[in-house]
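J.: Data: protein39.csv, CSV, C-alpha atoms.
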chain,number,residue,atom,x,y,z
C,1220,MET,CA,21.5,-4.5,73.9
C,1221,GLY,CA,23.1,-2.4,76.7
C,1222,GLY,CA,21.1,-0.9,79.5
C,1223,ARG,CA,21.7,1.9,81.9
C,1224,GLY,CA,24.5,1.1,84.3
C,1225,ASP,CA,26.2,-1.4,81.9
C,1226,MET,CA,30.0,-1.3,82.1
C,1227,VAL,CA,30.4,-1.7,78.3
C,1228,VAL,CA,28.1,-0.2,75.7
C,1229,VAL,CA,28.2,0.3,71.9
C,1230,ARG,CA,28.8,3.8,70.6
C,1231,SER,CA,29.4,4.9,67.0
C,1232,GLU,CA,33.1,4.6,67.6
C,1233,GLY,CA,33.0,1.1,69.0
C,1234,LEU,CA,32.7,-0.9,72.2
C,1235,TYR,CA,33.0,1.7,75.0
C,1236,CYS,CA,33.8,1.1,78.7
C,1237,VAL,CA,31.7,3.7,80.4
C,1238,PRO,CA,33.4,4.1,83.8
C,1239,GLY,CA,36.9,3.6,82.3
C,1240,ASP,CA,36.4,6.0,79.4
C,1241,PHE,CA,38.2,3.8,76.9
C,1242,TYR,CA,37.3,1.7,73.8
C,1243,ILE,CA,37.9,-1.9,72.9
C,1244,ASP,CA,38.8,-2.5,69.2
C,1245,PRO,CA,37.1,0.8,68.1
C,1246,TRP,CA,36.4,1.2,64.4
C,1247,ARG,CA,36.6,5.0,64.5
C,1248,PRO,CA,39.4,7.2,65.9
C,1249,VAL,CA,39.3,7.6,69.7
C,1250,ALA,CA,41.7,8.8,72.4
C,1251,ARG,CA,42.3,5.5,74.2
C,1252,ALA,CA,42.0,2.1,72.5
C,1253,ILE,CA,42.6,-1.4,73.9
C,1254,ILE,CA,43.3,-3.7,71.0
C,1255,THR,CA,42.6,-7.4,71.3
C,1256,HIS,CA,44.7,-8.4,68.3
C,1257,ALA,CA,46.2,-6.9,65.1
C,1258,HIS,CA,43.8,-8.1,62.4
C,1259,SER,CA,42.6,-5.1,60.5
C,1260,ASP,CA,39.0,-5.3,61.5
C,1261,HIS,CA,40.0,-5.0,65.1
C,1262,ALA,CA,43.1,-2.8,64.9
C,1263,ARG,CA,42.7,0.4,63.0
C,1264,ILE,CA,44.8,3.4,62.4
C,1265,GLY,CA,44.1,6.8,63.9
C,1266,HIS,CA,43.7,6.3,67.7
C,1267,ALA,CA,45.7,8.6,70.0
C,1268,HIS,CA,46.9,5.8,72.2
C,1269,TYR,CA,46.9,2.0,72.0
C,1270,LEU,CA,47.2,-0.7,74.7
C,1271,THR,CA,47.6,-4.3,73.6
C,1272,ALA,CA,49.1,-7.6,75.0
C,1273,GLN,CA,52.9,-7.4,75.1
C,1274,PRO,CA,53.4,-10.4,72.7
C,1275,GLY,CA,51.3,-8.6,70.1
C,1276,LEU,CA,53.0,-5.2,70.3
C,1277,GLY,CA,55.5,-6.0,67.5
C,1278,ILE,CA,52.8,-7.2,65.1
C,1279,LEU,CA,50.6,-4.2,65.9
C,1280,ARG,CA,53.4,-1.8,65.1
C,1281,ALA,CA,54.3,-3.8,62.0
C,1282,ARG,CA,50.8,-3.4,60.7
C,1283,LEU,CA,49.9,0.1,61.8
C,1284,GLY,CA,53.3,1.9,61.7
C,1285,ASP,CA,54.5,4.6,64.1
C,1286,ILE,CA,51.8,4.6,66.8
C,1287,ALA,CA,51.7,5.5,70.5
C,1288,ALA,CA,51.3,2.1,72.0
C,1289,ASP,CA,52.0,0.2,75.2
C,1290,GLY,CA,52.2,-3.6,75.8
C,1291,LEU,CA,50.8,-5.2,78.9
C,1292,ALA,CA,51.9,-8.7,79.9
C,1293,TYR,CA,49.2,-11.3,80.1
C,1294,GLY,CA,47.7,-11.4,83.6
C,1295,ASP,CA,49.2,-8.0,84.7
C,1296,ALA,CA,46.8,-5.3,85.6
C,1297,VAL,CA,46.5,-1.5,85.2
C,1298,GLU,CA,43.9,0.8,86.7
C,1299,HIS,CA,42.2,3.6,84.7
C,1300,ASN,CA,39.4,5.7,86.2
C,1301,GLY,CA,38.8,3.1,88.8
C,1302,VAL,CA,38.5,0.2,86.3
C,1303,ARG,CA,41.1,-2.6,86.8
C,1304,ILE,CA,42.1,-3.8,83.4
C,1305,SER,CA,44.0,-7.0,82.5
C,1306,LEU,CA,44.6,-8.9,79.3
C,1307,HIS,CA,44.4,-12.7,79.0
C,1308,PRO,CA,45.3,-15.1,76.2
C,1309,ALA,CA,42.7,-15.7,73.5
C,1310,GLY,CA,44.6,-18.3,71.5
C,1311,HIS,CA,43.6,-16.7,68.2
C,1312,VAL,CA,46.8,-15.3,66.7
C,1313,LEU,CA,50.1,-13.9,68.1
C,1314,GLY,CA,49.3,-11.4,70.9
C,1315,SER,CA,45.6,-12.0,70.8
C,1316,ALA,CA,43.9,-11.2,74.1
C,1317,GLN,CA,40.7,-11.1,76.0
C,1318,VAL,CA,40.0,-7.8,78.0
C,1319,ARG,CA,39.0,-8.3,81.6
C,1320,MET,CA,37.5,-5.2,83.3
C,1321,GLU,CA,36.6,-5.0,87.0
C,1322,TYR,CA,34.7,-2.1,88.5
C,1323,ARG,CA,33.2,-2.0,92.0
C,1324,GLY,CA,33.1,-5.8,92.3
C,1325,GLU,CA,31.6,-6.4,88.8
C,1326,VAL,CA,33.7,-8.2,86.1
C,1327,TRP,CA,33.2,-8.0,82.4
C,1328,VAL,CA,35.3,-9.8,79.8
C,1329,ALA,CA,35.5,-9.0,76.1
C,1330,SER,CA,36.8,-12.0,74.2
C,1331,GLY,CA,37.9,-10.4,70.9
C,1332,ASP,CA,38.4,-13.3,68.5
C,1333,TYR,CA,39.5,-16.7,70.0
C,1334,LYS,CA,39.9,-20.4,69.6
C,1335,VAL,CA,40.2,-23.0,72.3
C,1336,GLU,CA,42.5,-25.5,70.5
C,1337,ALA,CA,46.1,-24.7,71.4
C,1338,ASP,CA,48.7,-24.3,68.6
C,1339,ALA,CA,52.4,-23.6,68.3
C,1340,THR,CA,52.1,-20.0,67.2
C,1341,CYS,CA,50.5,-18.2,70.1
C,1342,VAL,CA,49.7,-18.5,73.8
C,1343,PRO,CA,46.7,-20.9,74.4
C,1344,PHE,CA,43.2,-19.6,75.3
C,1345,GLU,CA,42.7,-19.0,79.0
C,1346,PRO,CA,39.1,-19.0,80.4
C,1347,VAL,CA,38.5,-15.9,82.5
C,1348,ARG,CA,35.7,-15.9,85.2
C,1349,CYS,CA,33.3,-13.0,84.9
C,1350,HIS,CA,29.7,-11.9,85.4
C,1351,THR,CA,29.3,-10.7,81.8
C,1352,PHE,CA,31.1,-12.2,78.8
C,1353,ILE,CA,31.1,-10.5,75.4
C,1354,THR,CA,31.8,-13.3,72.8
C,1355,GLU,CA,32.4,-13.5,69.1
C,1356,SER,CA,30.3,-16.0,67.1
C,1357,THR,CA,32.1,-16.2,63.8
C,1358,PHE,CA,31.3,-19.9,63.6
C,1359,GLY,CA,28.4,-19.9,65.9
C,1360,LEU,CA,26.3,-22.6,64.2
C,1361,PRO,CA,26.2,-26.3,65.4
C,1362,ILE,CA,27.4,-27.5,62.0
C,1363,TYR,CA,30.9,-26.1,62.7
C,1364,ARG,CA,32.9,-28.7,64.4
C,1365,TRP,CA,36.7,-28.9,63.7
C,1366,VAL,CA,38.8,-32.0,63.5
C,1367,PRO,CA,42.1,-31.9,65.4
C,1368,GLN,CA,44.6,-29.7,63.7
C,1369,GLN,CA,47.2,-32.5,63.5
C,1370,GLU,CA,44.8,-34.3,61.1
C,1371,ILE,CA,44.6,-31.2,58.9
C,1372,TYR,CA,48.4,-30.8,58.9
C,1373,ALA,CA,48.8,-34.5,57.9
C,1374,ASP,CA,46.3,-33.9,55.0
C,1375,ILE,CA,48.2,-30.8,53.8
C,1376,ASN,CA,51.5,-32.6,53.9
C,1377,ALA,CA,50.1,-35.6,52.0
C,1378,TRP,CA,48.6,-33.3,49.4
C,1379,TRP,CA,52.0,-31.5,49.0
C,1380,ALA,CA,53.8,-34.9,48.7
C,1381,ARG,CA,51.4,-36.1,45.9
C,1382,ASN,CA,51.8,-32.9,44.0
C,1383,ALA,CA,55.6,-33.0,44.3
C,1384,ALA,CA,55.6,-36.5,43.0
C,1385,GLN,CA,53.7,-35.3,40.0
C,1386,GLY,CA,56.2,-32.4,39.4
C,1387,ARG,CA,53.9,-29.5,40.3
C,1388,ALA,CA,54.0,-26.9,43.1
C,1389,SER,CA,51.5,-26.8,45.9
C,1390,VAL,CA,50.0,-23.3,46.4
C,1391,LEU,CA,48.3,-23.0,49.8
C,1392,LEU,CA,46.2,-19.9,50.3
C,1393,GLY,CA,45.3,-18.4,53.7
C,1394,TYR,CA,45.2,-15.2,55.6
C,1395,ALA,CA,48.7,-13.7,55.8
C,1396,PHE,CA,48.6,-12.9,59.5
C,1397,GLY,CA,48.0,-15.8,61.8
C,1398,LYS,CA,46.6,-18.5,59.4
C,1399,ALA,CA,49.8,-18.6,57.3
C,1400,GLN,CA,52.1,-19.0,60.3
C,1401,ARG,CA,49.9,-21.6,61.8
C,1402,MET,CA,49.9,-23.6,58.6
C,1403,LEU,CA,53.7,-23.1,58.3
C,1404,SER,CA,54.1,-24.6,61.8
C,1405,GLY,CA,52.5,-27.8,60.7
C,1406,LEU,CA,54.5,-28.3,57.5
C,1407,ASP,CA,57.1,-31.1,57.1
C,1408,ALA,CA,60.1,-29.1,55.9
C,1409,ALA,CA,61.8,-32.4,54.9
C,1410,GLN,CA,59.5,-32.7,51.9
C,1411,GLY,CA,60.8,-29.8,50.0
C,1412,PRO,CA,61.2,-26.0,49.9
C,1413,ILE,CA,58.7,-23.8,51.7
C,1414,VAL,CA,58.2,-20.6,49.7
C,1415,CYS,CA,56.3,-17.6,51.1
C,1416,HIS,CA,54.7,-14.7,49.4
C,1417,GLY,CA,56.3,-11.4,50.6
C,1418,ALA,CA,53.2,-10.4,52.6
C,1419,VAL,CA,53.5,-13.7,54.5
C,1420,GLU,CA,57.2,-13.6,55.0
C,1421,ALA,CA,57.1,-10.1,56.5
C,1422,LEU,CA,54.9,-11.4,59.2
C,1423,ASN,CA,56.9,-14.6,59.6
C,1424,ARG,CA,59.8,-12.4,60.7
C,1425,VAL,CA,57.6,-10.7,63.3
C,1426,TYR,CA,56.6,-14.1,64.7
C,1427,ARG,CA,60.2,-15.2,64.8
C,1428,ASP,CA,61.2,-12.0,66.5
C,1429,ALA,CA,58.6,-12.8,69.2
C,1430,GLY,CA,60.2,-16.2,69.8
C,1431,VAL,CA,57.8,-18.3,67.8
C,1432,ALA,CA,59.7,-21.3,66.2
C,1433,LEU,CA,58.8,-21.7,62.5
C,1434,PRO,CA,60.3,-23.9,59.8
C,1435,ALA,CA,62.7,-22.2,57.4
C,1436,THR,CA,61.2,-20.4,54.5
C,1437,ARG,CA,62.4,-19.0,51.2
C,1438,MET,CA,61.4,-16.3,48.8
C,1439,VAL,CA,60.5,-17.4,45.2
C,1440,THR,CA,63.6,-15.6,43.8
C,1441,ASP,CA,65.8,-17.8,46.0
C,1442,VAL,CA,64.5,-21.1,44.6
C,1443,ALA,CA,65.6,-22.7,41.4
C,1444,ARG,CA,62.9,-23.4,38.8
C,1445,ASP,CA,63.3,-27.2,39.1
C,1446,GLU,CA,63.0,-27.0,42.9
C,1447,LEU,CA,59.7,-25.0,42.6
C,1448,ARG,CA,58.0,-28.1,41.2
C,1449,ARG,CA,58.3,-29.8,44.6
C,1450,ALA,CA,57.8,-26.7,46.7
C,1451,ILE,CA,54.8,-25.7,48.8
C,1452,VAL,CA,53.9,-22.0,48.5
C,1453,LEU,CA,52.1,-20.0,51.3
C,1454,ALA,CA,50.3,-17.0,49.9
C,1455,PRO,CA,47.4,-14.7,50.8
C,1456,PRO,CA,44.1,-15.1,49.0
C,1457,SER,CA,44.7,-12.0,47.0
C,1458,ALA,CA,47.6,-13.8,45.2
C,1459,ALA,CA,45.2,-16.2,43.5
C,1460,GLY,CA,45.4,-15.7,39.7
C,1461,SER,CA,48.0,-13.0,40.0
C,1462,PRO,CA,51.1,-12.6,37.8
C,1463,TRP,CA,53.2,-13.5,40.9
C,1464,ILE,CA,51.6,-16.9,41.2
C,1465,ARG,CA,52.0,-17.8,37.5
C,1466,ARG,CA,55.7,-18.1,37.9
C,1467,PHE,CA,55.2,-21.5,39.5
C,1468,GLY,CA,54.0,-22.9,36.2
C,1469,GLU,CA,51.8,-26.0,36.7
C,1470,TYR,CA,50.5,-26.1,40.3
C,1471,SER,CA,47.7,-27.3,42.5
C,1472,ASP,CA,46.0,-24.8,44.8
C,1473,ALA,CA,44.1,-25.1,48.0
C,1474,PHE,CA,42.4,-22.7,50.5
C,1475,ALA,CA,42.6,-23.1,54.3
C,1476,SER,CA,39.6,-21.7,56.2
C,1477,GLY,CA,36.8,-22.8,58.5
C,1478,TRP,CA,34.5,-21.8,55.7
C,1479,MET,CA,35.7,-24.7,53.7
C,1480,LEU,CA,33.3,-26.8,55.8
C,1481,VAL,CA,30.4,-25.1,54.0
C,1482,ARG,CA,29.2,-26.9,50.9
C,1483,GLY,CA,30.2,-25.1,47.7
C,1484,ALA,CA,32.9,-22.9,49.4
C,1485,ARG,CA,35.8,-24.6,47.6
C,1486,ARG,CA,33.9,-24.3,44.3
C,1487,ARG,CA,33.3,-20.6,44.8
C,1488,ARG,CA,37.0,-20.1,45.6
C,1489,GLY,CA,37.9,-22.0,42.4
C,1490,VAL,CA,40.6,-24.0,44.1
C,1491,ASP,CA,41.5,-27.7,43.8
C,1492,ARG,CA,41.3,-28.4,47.6
C,1493,GLY,CA,39.8,-27.0,50.7
C,1494,PHE,CA,41.3,-27.5,54.2
C,1495,VAL,CA,39.1,-26.9,57.2
C,1496,LEU,CA,41.4,-25.0,59.5
C,1497,SER,CA,40.2,-22.0,61.5
C,1498,ASP,CA,41.7,-19.7,64.0
C,1499,HIS,CA,38.2,-19.2,65.6
C,1500,ALA,CA,36.4,-21.5,68.0
C,1501,ASP,CA,33.9,-23.9,66.5
C,1502,TRP,CA,30.4,-24.5,68.1
C,1503,PRO,CA,31.6,-26.8,70.8
C,1504,GLY,CA,34.5,-24.5,71.5
C,1505,LEU,CA,32.3,-21.5,71.8
C,1506,MET,CA,30.0,-23.3,74.2
C,1507,ALA,CA,32.9,-24.6,76.3
C,1508,ALA,CA,34.4,-21.2,76.5
C,1509,ILE,CA,31.2,-19.6,77.6
C,1510,LYS,CA,30.5,-22.2,80.2
C,1511,ALA,CA,34.1,-21.8,81.6
C,1512,THR,CA,33.6,-18.1,82.3
C,1513,GLY,CA,30.8,-18.9,84.8
C,1514,ALA,CA,29.0,-15.8,83.4
C,1515,GLY,CA,25.2,-15.5,83.6
C,1516,ARG,CA,25.0,-12.8,81.0
C,1517,ILE,CA,26.4,-13.3,77.5
C,1518,ILE,CA,26.6,-10.6,74.8
C,1519,VAL,CA,27.2,-12.0,71.3
C,1520,THR,CA,29.0,-10.1,68.6
C,1521,HIS,CA,29.9,-10.6,64.9
C,1522,GLY,CA,29.0,-13.9,63.3
C,1523,SER,CA,26.0,-16.1,63.7
C,1524,VAL,CA,24.5,-13.8,66.3
C,1525,PRO,CA,20.7,-14.7,66.2
C,1526,VAL,CA,21.4,-18.5,66.4
C,1527,MET,CA,23.8,-18.1,69.4
C,1528,VAL,CA,21.5,-15.7,71.3
C,1529,ARG,CA,18.5,-17.9,70.8
C,1530,TRP,CA,20.4,-21.0,71.9
C,1531,LEU,CA,21.8,-19.3,75.0
C,1532,ARG,CA,18.4,-18.0,76.1
C,1533,GLN,CA,16.9,-21.5,75.7
C,1534,ASN,CA,19.7,-22.8,77.9
C,1535,GLY,CA,19.1,-20.3,80.8
C,1536,TYR,CA,21.5,-17.5,79.9
C,1537,ASP,CA,20.6,-13.8,79.9
C,1538,ALA,CA,21.8,-13.3,76.4
C,1539,GLY,CA,21.7,-10.5,73.9
C,1540,ALA,CA,23.8,-8.9,71.2
C,1541,PHE,CA,26.0,-6.0,70.3
C,1542,GLU,CA,26.0,-4.8,66.7
C,1543,THR,CA,29.7,-4.2,65.7
C,1544,GLU,CA,31.8,-3.7,62.5
C,1545,TYR,CA,34.0,-6.7,63.1
C,1546,GLY,CA,34.4,-9.7,60.8
C,1547,ALA,CA,35.1,-8.1,57.4
C,1548,GLU,CA,38.3,-10.0,57.1
C,1549,GLU,CA,37.5,-13.2,59.0
C,1550,GLU,CA,39.5,-16.1,57.7
C,1551,GLY,CA,40.5,-14.0,54.6
C,1552,ALA,CA,37.3,-15.2,53.0
C,1553,ASP,CA,33.8,-13.8,52.2
C,1554,GLY,CA,32.7,-14.6,55.7
C,1555,GLU,CA,29.2,-13.0,55.5
C,1556,SER,CA,28.1,-14.9,52.4
C,1557,ALA,CA,29.6,-18.1,53.8
C,1558,ALA,CA,27.8,-17.6,57.1
C,1559,GLN,CA,24.5,-16.9,55.3
C,1560,THR,CA,24.9,-20.0,53.2
C,1561,ALA,CA,25.7,-22.1,56.3
C,1562,GLY,CA,22.6,-20.6,58.0
C,1563,ARG,CA,20.4,-21.7,55.1
C,1564,GLN,CA,21.9,-25.2,55.2
C,1565,GLU,CA,21.4,-25.3,59.0
C,1566,GLY,CA,17.8,-24.4,58.5
C,1567,ALA,CA,17.3,-27.0,55.8
C,1568,ASP,CA,19.0,-29.7,57.8
C,1569,ALA,CA,17.1,-29.0,61.0
Could you rewrite the structure in this file as structure tokens?

T.:
Amino acid sequence: MGGRGDMVVVRSEGLYCVPGDFYIDPWRPVARAIITHAHSDHARIGHAHYLTAQPGLGILRARLGDIAADGLAYGDAVEHNGVRISLHPAGHVLGSAQVRMEYRGEVWVASGDYKVEADATCVPFEPVRCHTFITESTFGLPIYRWVPQQEIYADINAWWARNAAQGRASVLLGYAFGKAQRMLSGLDAAQGPIVCHGAVEALNRVYRDAGVALPATRMVTDVARDELRRAIVLAPPSAAGSPWIRRFGEYSDAFASGWMLVRGARRRRGVDRGFVLSDHADWPGLMAAIKATGAGRIIVTHGSVPVMVRWLRQNGYDAGAFETEYGAEEEGADGESAAQTAGRQEGADA
């Protein structure tokens, strides 16, 4: 999709704003890149200059190193080649933003990744009125409907308490950037020590430096062996089965992801528990966000694209799709296979 005169088109480098001569989350090196957030499928090394939301500047530099980058406060605007650019909260992770582009009276918004349920670790999602909305569709199937996050936090704390009572650690796996800090914000620190893998703790520090309040955490080397038996451990998925994790002795493990809603996902992960907690919008959230933009034209990217496009067309939208390279690290899980499995289930259940 993308006709003559469109403000944004897809090039081999990524999503390209034609009149502005800049890219949004490009996957190949370019001169000017606007980055919606610092997950590695959206923020890549090699661009000459980066622009991102001010709250996410620290995390972008922490992940990409010494880059030429500027931060723009949410709602502030800059003009480039006649295109008025502003960044607006996406509610996905620290510093995540939607990109609003206005040119000659026409407004386009690129969502990046987003969720509509507010949480304690980032600025809440803000609907932005536009004519054309480019939206993600990671969980763009009607089966995906999240329960309130407080219920998930309560389940996690109860699981931790049961494990501690039985003298074993609780190992909670989730993406190190965003998911881990969100889980941490919901933990009851009074229950016992909260231990973080080094990859998680490095990003916890960036969150704290940005003013996000998080419970106190410790490194495994700072916790006595007998205390580890009542600890909860936050670690990235790559830590599963590693020598690092074996130091906890007997433990129960769990994985936190929206994909845990899919039948068989927990079994494929080989964990004791699955907690359905996602930093992406569910189906009702996607539909609510799209409606709130007031856009008549919707362009769908990474995720359950055909289902979303078909549903939108059936409901009166001018809908199409952009083929992108996003989504490789969604939720820190094998998103593509999980989405395909969900799609088969959706078809079977229809």

J.: Record the distance separating atom CA of Ile1304 of chain C and atom CA of Met1320 of chain C, expressed in Å with one decimal.

T.: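 Result for atom CA of Ile1304 of chain C versus atom CA of Met1320 of chain C: 4.8 Å, one decimal.
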
J.: For the point (44.3, 9.5, 69.7) in file coordinates, what residues are within 8 Å, counting only C-alpha atoms? Give the answer as a JSON list (two decimals) with C-alpha atoms, in the frame of the given file?

T.:
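For reference, part.json as written:
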[["chain", "number", "residue", "atom", "x", "y", "z"],
["C", 1248, "PRO", "CA", 39.40, 7.20, 65.90],
["C", 1249, "VAL", "CA", 39.30, 7.60, 69.70],
["C", 1250, "ALA", "CA", 41.70, 8.80, 72.40],
["C", 1251, "ARG", "CA", 42.30, 5.50, 74.20],
["C", 1265, "GLY", "CA", 44.10, 6.80, 63.90],
["C", 1266, "HIS", "CA", 43.70, 6.30, 67.70],
["C", 1267, "ALA", "CA", 45.70, 8.60, 70.00],
["C", 1268, "HIS", "CA", 46.90, 5.80, 72.20]]

J.: So, with all atoms listed in the file as the atoms that count, which of C:Phe1467, C:Tyr1372, C:Gln1410, C:Gly1397 lies closest to Ala1384 of chain C?

T.: C:Gln1410

J.: Give as number ranges by chain the set of residues within 8 Å of the point (39.6, -23.6, 79.6), where distances use the file's coordinates and only C-alpha atoms.

T.: C: 1335, 1344-1346, 1507-1508, 1511

J.: When you look at Lys1398 of chain C with a cut-off of 9 Å (counting only C-alpha atoms), what residues show up, excluding the ones that are within fewer than 2 positions of it in the same chain? I need them as a CSV table (one decimal) with C-alpha atoms, in the frame of the given file.

T.:
chain,number,residue,atom,x,y,z
C,1312,VAL,CA,46.8,-15.3,66.7
C,1393,GLY,CA,45.3,-18.4,53.7
C,1394,TYR,CA,45.2,-15.2,55.6
C,1395,ALA,CA,48.7,-13.7,55.8
C,1396,PHE,CA,48.6,-12.9,59.5
C,1400,GLN,CA,52.1,-19.0,60.3
C,1401,ARG,CA,49.9,-21.6,61.8
C,1402,MET,CA,49.9,-23.6,58.6
C,1403,LEU,CA,53.7,-23.1,58.3
C,1475,ALA,CA,42.6,-23.1,54.3
C,1476,SER,CA,39.6,-21.7,56.2
C,1496,LEU,CA,41.4,-25.0,59.5
C,1497,SER,CA,40.2,-22.0,61.5
C,1498,ASP,CA,41.7,-19.7,64.0
C,1550,GLU,CA,39.5,-16.1,57.7
C,1551,GLY,CA,40.5,-14.0,54.6

J.: Just give me the gap between atom CA of Gln1273 of chain C and atom CA of Glu1321 of chain C in Å, one decimal is fine.

T.: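 Taking atom CA of Gln1273 of chain C as the start and atom CA of Glu1321 of chain C as the end point, the length is 20.3 Å.
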
J.: Tell me, as number ranges by chain, which residues lie within 6 Å of Trp1502 of chain C, counting only C-alpha atoms; anything in the same chain fewer than 6 positions away does not count.

T.: C: 1359-1361, 1363

J.: Any chance you can output those residues with C-alpha atoms as a PDB file, keeping the file's coordinate frame?

T.:
ATOM      1  CA  GLY C1359      28.400 -19.900  65.900  1.00  0.00           C
ATOM      2  CA  LEU C1360      26.300 -22.600  64.200  1.00  0.00           C
ATOM      3  CA  PRO C1361      26.200 -26.300  65.400  1.00  0.00           C
ATOM      4  CA  TYR C1363      30.900 -26.100  62.700  1.00  0.00           C
TER       5      TYR C1363
END

J.: Quick one, how far is atom CA of Thr1255 of chain C from atom CA of Asp1289 of chain C?

T.: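 We find that atom CA of Thr1255 of chain C and atom CA of Asp1289 of chain C lie 12.7 Å from each other.
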
J.: Which polymer residues have any atom within 9 Å of an atom of Ile1353 of chain C, counting all atoms listed in the file, with same-chain residues fewer than 6 positions away left out, as a ChimeraX atom specification?

T.: /C:1327-1331,1516-1520,1540-1541

J.: Using only C-alpha atoms, which of the listed residues (C:Arg1282, C:Lys1510, C:Arg1247, C:Arg1487) sits closest to Ser1259 of chain C?

T.: C:Arg1282

J.: Need the shell around segment 1423-1426 of chain C: protein/DNA/RNA residues with any atom at most 9 Å away, counting all atoms listed in the file. Skip same-chain ones fewer than 3 positions apart. Format as an MDAnalysis selection string?

T.: chainID C and resid 1277:1278 1281 1313 1340 1396 1399:1400 1418:1420 1429:1433 1436

J.: Excluding Phe1358 of chain C and its own-chain neighbours fewer than 4 positions away, which residues fall within 10 Å of it when counting only C-alpha atoms? Please give them as a PyMOL selection string.

T.: chain C and resi 1362-1364+1477-1478+1497+1499-1505+1521-1524+1527+1554+1558+1561

J.: Nearest residue to Arg1466 of chain C out of C:Val1366, C:Val1439, C:Cys1236, C:Val1347, using only C-alpha atoms?

T.: C:Val1439

J.: Using all atoms listed in the file, which of the listed residues (C:Gly1290, C:Val1237, C:Ala1339, C:Pro1434) sits closest to Gln1369 of chain C?

T.: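 Looking only at the distances to Gln1369 of chain C, the closest residue turns out to be C:Ala1339.
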
J.: Return the single residue from C:Ser1315, C:Ser1231, C:Ser1389, C:Asn1300 that is closest to Ile1254 of chain C, with distances computed using only C-alpha atoms.

T.: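 Ranking C:Ser1315, C:Ser1231, C:Ser1389, C:Asn1300 by distance to Ile1254 of chain C, first place goes to C:Ser1315.
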
J.: Taking all atoms listed in the file into account, which of C:Glu1355, C:Arg1348, C:Ile1451, C:Asn1382 comes nearest Tyr1333 of chain C?

T.: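 With all atoms listed in the file as the atom set, the closest residue is C:Glu1355.
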